[in-house]
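J.: Structure file work.cif (mmCIF, N, CA and C atoms) right here:
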```cif
data_input
#
loop_
_atom_site.label_atom_id
_atom_site.label_comp_id
_atom_site.auth_asym_id
_atom_site.auth_seq_id
_atom_site.Cartn_x
_atom_site.Cartn_y
_atom_site.Cartn_z
N MET N 1 -28.23 -29.79 7.47
CA MET N 1 -29.16 -28.77 7.03
C MET N 1 -28.41 -27.47 6.78
N SER N 2 -28.56 -26.89 5.58
CA SER N 2 -27.83 -25.66 5.27
C SER N 2 -28.70 -24.46 5.58
N ASN N 3 -28.05 -23.40 5.97
CA ASN N 3 -28.76 -22.16 6.27
C ASN N 3 -28.73 -21.28 5.02
N THR N 4 -29.90 -20.99 4.45
CA THR N 4 -29.95 -20.20 3.22
C THR N 4 -29.75 -18.72 3.48
N ASN N 5 -29.71 -18.31 4.74
CA ASN N 5 -29.52 -16.90 5.07
C ASN N 5 -28.05 -16.53 5.23
N VAL N 6 -27.16 -17.51 5.13
CA VAL N 6 -25.74 -17.24 5.28
C VAL N 6 -25.24 -16.61 3.99
N PRO N 7 -24.65 -15.39 4.07
CA PRO N 7 -24.19 -14.74 2.85
C PRO N 7 -23.02 -15.50 2.23
N LYS N 8 -22.93 -15.43 0.91
CA LYS N 8 -21.80 -16.02 0.21
C LYS N 8 -20.55 -15.22 0.56
N SER N 9 -19.40 -15.83 0.39
CA SER N 9 -18.16 -15.13 0.71
C SER N 9 -18.03 -13.91 -0.20
N MET N 10 -17.47 -12.86 0.34
CA MET N 10 -17.34 -11.61 -0.38
C MET N 10 -15.86 -11.22 -0.45
N ALA N 11 -15.50 -10.50 -1.48
CA ALA N 11 -14.14 -9.97 -1.60
C ALA N 11 -14.21 -8.46 -1.38
N ARG N 12 -13.17 -7.94 -0.82
CA ARG N 12 -13.14 -6.51 -0.52
C ARG N 12 -12.30 -5.80 -1.57
N LEU N 13 -12.76 -4.62 -1.95
CA LEU N 13 -12.04 -3.80 -2.91
C LEU N 13 -11.97 -2.38 -2.34
N GLU N 14 -10.79 -1.83 -2.35
CA GLU N 14 -10.62 -0.46 -1.85
C GLU N 14 -10.01 0.39 -2.95
N ALA N 15 -10.39 1.66 -2.99
CA ALA N 15 -9.83 2.57 -3.98
C ALA N 15 -9.72 3.95 -3.37
N ARG N 16 -8.67 4.62 -3.70
CA ARG N 16 -8.49 6.01 -3.26
C ARG N 16 -8.80 6.91 -4.45
N VAL N 17 -9.73 7.83 -4.25
CA VAL N 17 -10.08 8.79 -5.29
C VAL N 17 -10.06 10.19 -4.69
N ASN N 18 -9.94 11.19 -5.55
CA ASN N 18 -9.92 12.54 -4.99
C ASN N 18 -11.33 12.93 -4.54
N PRO N 19 -11.45 13.86 -3.64
CA PRO N 19 -12.74 14.22 -3.06
C PRO N 19 -13.78 14.68 -4.08
N GLU N 20 -13.35 15.33 -5.16
CA GLU N 20 -14.31 15.78 -6.18
C GLU N 20 -14.98 14.59 -6.88
N ILE N 21 -14.18 13.59 -7.17
CA ILE N 21 -14.75 12.40 -7.82
C ILE N 21 -15.70 11.70 -6.87
N LYS N 22 -15.30 11.55 -5.61
CA LYS N 22 -16.18 10.90 -4.64
C LYS N 22 -17.48 11.68 -4.49
N ALA N 23 -17.40 12.99 -4.47
CA ALA N 23 -18.61 13.81 -4.35
C ALA N 23 -19.52 13.63 -5.56
N LEU N 24 -18.93 13.55 -6.74
CA LEU N 24 -19.70 13.32 -7.96
C LEU N 24 -20.43 11.98 -7.89
N TRP N 25 -19.69 10.94 -7.50
CA TRP N 25 -20.29 9.61 -7.39
C TRP N 25 -21.40 9.60 -6.34
N GLN N 26 -21.15 10.28 -5.22
CA GLN N 26 -22.15 10.32 -4.15
C GLN N 26 -23.42 11.02 -4.63
N LYS N 27 -23.27 12.12 -5.38
CA LYS N 27 -24.43 12.82 -5.91
C LYS N 27 -25.24 11.92 -6.84
N ALA N 28 -24.54 11.19 -7.70
CA ALA N 28 -25.23 10.27 -8.62
C ALA N 28 -25.94 9.17 -7.84
N ALA N 29 -25.27 8.65 -6.81
CA ALA N 29 -25.88 7.60 -5.99
C ALA N 29 -27.12 8.14 -5.29
N ASP N 30 -27.02 9.35 -4.75
CA ASP N 30 -28.16 9.97 -4.08
C ASP N 30 -29.33 10.15 -5.04
N LEU N 31 -29.03 10.58 -6.25
CA LEU N 31 -30.09 10.78 -7.24
C LEU N 31 -30.79 9.48 -7.61
N GLN N 32 -30.05 8.39 -7.55
CA GLN N 32 -30.64 7.07 -7.84
C GLN N 32 -31.24 6.43 -6.60
N GLY N 33 -30.99 7.02 -5.45
CA GLY N 33 -31.54 6.48 -4.21
C GLY N 33 -30.86 5.21 -3.74
N VAL N 34 -29.57 5.11 -4.02
CA VAL N 34 -28.80 3.94 -3.59
C VAL N 34 -27.58 4.41 -2.82
N THR N 35 -26.95 3.47 -2.13
CA THR N 35 -25.73 3.81 -1.41
C THR N 35 -24.59 4.03 -2.40
N LEU N 36 -23.56 4.72 -1.94
CA LEU N 36 -22.39 4.93 -2.79
C LEU N 36 -21.77 3.60 -3.18
N THR N 37 -21.69 2.69 -2.23
CA THR N 37 -21.13 1.37 -2.53
C THR N 37 -21.94 0.66 -3.62
N ASP N 38 -23.27 0.65 -3.48
CA ASP N 38 -24.11 0.00 -4.48
C ASP N 38 -23.97 0.68 -5.85
N PHE N 39 -23.88 2.01 -5.84
CA PHE N 39 -23.72 2.73 -7.10
C PHE N 39 -22.40 2.37 -7.78
N VAL N 40 -21.32 2.35 -7.01
CA VAL N 40 -20.01 2.03 -7.59
C VAL N 40 -19.99 0.60 -8.11
N ILE N 41 -20.52 -0.33 -7.33
CA ILE N 41 -20.53 -1.74 -7.76
C ILE N 41 -21.32 -1.89 -9.05
N ALA N 42 -22.52 -1.30 -9.10
CA ALA N 42 -23.35 -1.42 -10.30
C ALA N 42 -22.68 -0.77 -11.51
N SER N 43 -22.06 0.37 -11.30
CA SER N 43 -21.40 1.07 -12.41
C SER N 43 -20.21 0.30 -12.95
N VAL N 44 -19.39 -0.21 -12.05
CA VAL N 44 -18.21 -0.98 -12.47
C VAL N 44 -18.64 -2.27 -13.16
N GLN N 45 -19.67 -2.91 -12.62
CA GLN N 45 -20.14 -4.16 -13.23
C GLN N 45 -20.67 -3.89 -14.64
N ALA N 46 -21.45 -2.83 -14.81
CA ALA N 46 -21.99 -2.49 -16.13
C ALA N 46 -20.85 -2.19 -17.11
N ALA N 47 -19.85 -1.46 -16.64
CA ALA N 47 -18.70 -1.14 -17.49
C ALA N 47 -17.94 -2.40 -17.88
N ALA N 48 -17.78 -3.32 -16.92
CA ALA N 48 -17.06 -4.57 -17.20
C ALA N 48 -17.80 -5.40 -18.25
N TYR N 49 -19.12 -5.53 -18.10
CA TYR N 49 -19.89 -6.28 -19.09
C TYR N 49 -19.76 -5.64 -20.47
N LYS N 50 -19.79 -4.32 -20.53
CA LYS N 50 -19.70 -3.62 -21.81
C LYS N 50 -18.35 -3.87 -22.48
N VAL N 51 -17.27 -3.78 -21.72
CA VAL N 51 -15.93 -4.01 -22.27
C VAL N 51 -15.80 -5.44 -22.78
N ILE N 52 -16.26 -6.40 -21.99
CA ILE N 52 -16.17 -7.81 -22.38
C ILE N 52 -16.99 -8.07 -23.63
N GLU N 53 -18.20 -7.53 -23.68
CA GLU N 53 -19.06 -7.73 -24.85
C GLU N 53 -18.43 -7.13 -26.10
N GLN N 54 -17.88 -5.92 -25.98
CA GLN N 54 -17.23 -5.29 -27.13
C GLN N 54 -16.06 -6.11 -27.63
N GLN N 55 -15.24 -6.61 -26.72
CA GLN N 55 -14.07 -7.40 -27.12
C GLN N 55 -14.48 -8.71 -27.77
N GLN N 56 -15.49 -9.37 -27.19
CA GLN N 56 -15.94 -10.65 -27.76
C GLN N 56 -16.60 -10.43 -29.11
N THR N 57 -17.36 -9.36 -29.24
CA THR N 57 -18.01 -9.07 -30.52
C THR N 57 -16.97 -8.78 -31.58
N LEU N 58 -15.97 -8.01 -31.25
CA LEU N 58 -14.90 -7.71 -32.19
C LEU N 58 -14.17 -8.98 -32.59
N LYS N 59 -13.86 -9.82 -31.63
CA LYS N 59 -13.14 -11.06 -31.92
C LYS N 59 -13.98 -11.98 -32.79
N LEU N 60 -15.24 -12.15 -32.45
CA LEU N 60 -16.10 -13.02 -33.25
C LEU N 60 -16.27 -12.46 -34.65
N SER N 61 -16.40 -11.15 -34.77
CA SER N 61 -16.55 -10.55 -36.08
C SER N 61 -15.30 -10.77 -36.93
N THR N 62 -14.14 -10.65 -36.35
CA THR N 62 -12.89 -10.88 -37.07
C THR N 62 -12.79 -12.34 -37.50
N GLU N 63 -13.11 -13.25 -36.59
CA GLU N 63 -13.06 -14.68 -36.92
C GLU N 63 -14.07 -15.01 -38.01
N ASP N 64 -15.27 -14.44 -37.91
CA ASP N 64 -16.29 -14.69 -38.93
C ASP N 64 -15.85 -14.16 -40.29
N ALA N 65 -15.24 -12.98 -40.30
CA ALA N 65 -14.78 -12.40 -41.56
C ALA N 65 -13.71 -13.28 -42.19
N GLU N 66 -12.79 -13.78 -41.37
CA GLU N 66 -11.73 -14.65 -41.89
C GLU N 66 -12.32 -15.95 -42.44
N ALA N 67 -13.29 -16.51 -41.74
CA ALA N 67 -13.92 -17.75 -42.21
C ALA N 67 -14.67 -17.50 -43.52
N PHE N 68 -15.32 -16.35 -43.63
CA PHE N 68 -16.06 -16.01 -44.85
C PHE N 68 -15.11 -15.88 -46.03
N VAL N 69 -14.02 -15.15 -45.85
CA VAL N 69 -13.05 -14.97 -46.93
C VAL N 69 -12.44 -16.32 -47.32
N GLU N 70 -12.13 -17.15 -46.35
CA GLU N 70 -11.58 -18.47 -46.64
C GLU N 70 -12.57 -19.31 -47.45
N ALA N 71 -13.85 -19.24 -47.09
CA ALA N 71 -14.87 -20.01 -47.82
C ALA N 71 -15.03 -19.50 -49.25
N ILE N 72 -14.89 -18.19 -49.45
CA ILE N 72 -15.00 -17.63 -50.80
C ILE N 72 -13.78 -18.02 -51.64
N LEU N 73 -12.60 -17.90 -51.06
CA LEU N 73 -11.38 -18.19 -51.81
C LEU N 73 -11.16 -19.69 -52.03
N ASN N 74 -11.58 -20.49 -51.07
CA ASN N 74 -11.39 -21.95 -51.15
C ASN N 74 -12.69 -22.65 -50.76
N PRO N 75 -13.69 -22.58 -51.63
CA PRO N 75 -14.97 -23.19 -51.26
C PRO N 75 -14.85 -24.70 -51.13
N PRO N 76 -15.53 -25.27 -50.13
CA PRO N 76 -15.50 -26.72 -49.98
C PRO N 76 -16.35 -27.38 -51.07
N LYS N 77 -16.01 -28.61 -51.38
CA LYS N 77 -16.82 -29.35 -52.35
C LYS N 77 -18.15 -29.71 -51.70
N PRO N 78 -19.23 -29.73 -52.49
CA PRO N 78 -20.53 -30.05 -51.90
C PRO N 78 -20.56 -31.49 -51.38
N SER N 79 -21.19 -31.64 -50.23
CA SER N 79 -21.31 -32.98 -49.64
C SER N 79 -22.41 -33.77 -50.36
N ASP N 80 -22.46 -35.06 -50.07
CA ASP N 80 -23.50 -35.90 -50.67
C ASP N 80 -24.88 -35.40 -50.25
N ALA N 81 -25.02 -35.00 -48.99
CA ALA N 81 -26.31 -34.51 -48.49
C ALA N 81 -26.73 -33.25 -49.24
N LEU N 82 -25.79 -32.36 -49.53
CA LEU N 82 -26.12 -31.14 -50.27
C LEU N 82 -26.51 -31.47 -51.71
N ARG N 83 -25.81 -32.42 -52.33
CA ARG N 83 -26.16 -32.83 -53.69
C ARG N 83 -27.58 -33.42 -53.73
N GLU N 84 -27.90 -34.25 -52.75
CA GLU N 84 -29.24 -34.85 -52.69
C GLU N 84 -30.30 -33.78 -52.47
N ALA N 85 -30.02 -32.83 -51.61
CA ALA N 85 -30.97 -31.75 -51.35
C ALA N 85 -31.18 -30.92 -52.61
N THR N 86 -30.13 -30.68 -53.36
CA THR N 86 -30.23 -29.91 -54.60
C THR N 86 -31.10 -30.66 -55.61
N SER N 87 -30.92 -31.94 -55.70
CA SER N 87 -31.73 -32.75 -56.63
C SER N 87 -33.20 -32.71 -56.25
N ARG N 88 -33.48 -32.87 -54.96
CA ARG N 88 -34.88 -32.81 -54.49
C ARG N 88 -35.49 -31.44 -54.78
N TYR N 89 -34.73 -30.39 -54.57
CA TYR N 89 -35.21 -29.04 -54.82
C TYR N 89 -35.56 -28.87 -56.30
N LYS N 90 -34.65 -29.31 -57.17
CA LYS N 90 -34.89 -29.19 -58.61
C LYS N 90 -36.15 -29.95 -59.02
N GLN N 91 -36.35 -31.15 -58.46
CA GLN N 91 -37.54 -31.93 -58.78
C GLN N 91 -38.81 -31.22 -58.33
N VAL N 92 -38.78 -30.66 -57.14
CA VAL N 92 -39.96 -29.95 -56.62
C VAL N 92 -40.26 -28.75 -57.51
N MET N 93 -39.25 -28.02 -57.90
CA MET N 93 -39.46 -26.83 -58.73
C MET N 93 -39.97 -27.22 -60.11
N GLU N 94 -39.46 -28.31 -60.68
CA GLU N 94 -39.94 -28.75 -61.99
C GLU N 94 -41.37 -29.23 -61.91
N ASN N 95 -41.72 -29.92 -60.83
CA ASN N 95 -43.09 -30.42 -60.67
C ASN N 95 -44.09 -29.30 -60.43
N ASN N 96 -43.64 -28.18 -59.92
CA ASN N 96 -44.53 -27.04 -59.70
C ASN N 96 -44.56 -26.08 -60.87
N GLY N 97 -43.88 -26.43 -61.97
CA GLY N 97 -43.91 -25.60 -63.17
C GLY N 97 -43.09 -24.33 -63.03
N ILE N 98 -42.17 -24.27 -62.09
CA ILE N 98 -41.39 -23.06 -61.87
C ILE N 98 -40.41 -22.85 -63.02
N ASN N 99 -39.83 -23.93 -63.53
CA ASN N 99 -38.80 -23.82 -64.57
C ASN N 99 -39.37 -23.84 -65.99
N ASP N 100 -40.66 -23.68 -66.17
CA ASP N 100 -41.28 -23.70 -67.51
C ASP N 100 -41.13 -22.37 -68.21
#
```
Could you write out this file's structure as structure tokens?
T.:
Amino acid sequence: MSNTNVPKSMARLEARVNPEIKALWQKAADLQGVTLTDFVIASVQAAAYKVIEQQQTLKLSTEDAEAFVEAILNPPKPSDALREATSRYKQVMENNGIND
């Protein structure tokens, strides 16, 4: 039987900052009604997510741009499924009097 009240293992992080910075952080934590530790953890976590998201977005955008340029410069030949879909589309449009 497992005890659900047992905390997960935690890692410790220590940092030395000058007193003015610590006072600033403490004031912000007090204004939010949280402990300094909770404020620092939440702030660092938010910053980490933002950095990771920005880097992944930039990387995906670069990869997408390269794929787009490659497709424009060297378009693939249409597959059989695409040719069949094009034929069906043309038939539907002709039957609806669109091309008249």
J.: Expressed in Å to a single decimal, how great is the separation between atom C of Val51 (chain N) and CA of Thr37 (chain N)?
T.: 22.0 Å
J.: At a cut-off of 12 Å, using only C-alpha atoms, what residues contact region 14-20 of chain N? Leave out same-chain residues fewer than 4 positions from it and give the result as a VMD selection string.
T.: chain N and resid 24 to 27 37 40 to 41
J.: Just N, CA and C atoms for this one: save the residues we selected as a CSV table (one decimal), in the coordinates of the input.
T.:
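What follows is the written file again06.csv:
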```
chain,number,residue,atom,x,y,z
N,24,LEU,N,-18.9,13.6,-6.7
N,24,LEU,CA,-19.7,13.3,-8.0
N,24,LEU,C,-20.4,12.0,-7.9
N,25,TRP,N,-19.7,10.9,-7.5
N,25,TRP,CA,-20.3,9.6,-7.4
N,25,TRP,C,-21.4,9.6,-6.3
N,26,GLN,N,-21.2,10.3,-5.2
N,26,GLN,CA,-22.2,10.3,-4.2
N,26,GLN,C,-23.4,11.0,-4.6
N,27,LYS,N,-23.3,12.1,-5.4
N,27,LYS,CA,-24.4,12.8,-5.9
N,27,LYS,C,-25.2,11.9,-6.8
N,37,THR,N,-21.7,2.7,-2.2
N,37,THR,CA,-21.1,1.4,-2.5
N,37,THR,C,-21.9,0.7,-3.6
N,40,VAL,N,-21.3,2.4,-7.0
N,40,VAL,CA,-20.0,2.0,-7.6
N,40,VAL,C,-20.0,0.6,-8.1
N,41,ILE,N,-20.5,-0.3,-7.3
N,41,ILE,CA,-20.5,-1.7,-7.8
N,41,ILE,C,-21.3,-1.9,-9.0
```
J.: For a test of reading the model, state the distance in Å between atom C of Thr35 (chain N) and atom N of Lys22 (chain N), rounded to one decimal.
T.: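 Pair atom C of Thr35 (chain N) / atom N of Lys22 (chain N) returns 12.4 Å.
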J.: If you run DSSP on the backbone, which residues of chain N are alpha helix (DSSP H), as an NGL selection string?
T.: :N and (19-32 or 36-73 or 80-95)
J.: In Å, rounded to a single decimal, give me how far CA of Ala42 (chain N) is from atom C of Ala29 (chain N).
T.: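 Between atom C of Ala29 (chain N) and CA of Ala42 (chain N) the gap works out to 11.4 Å.
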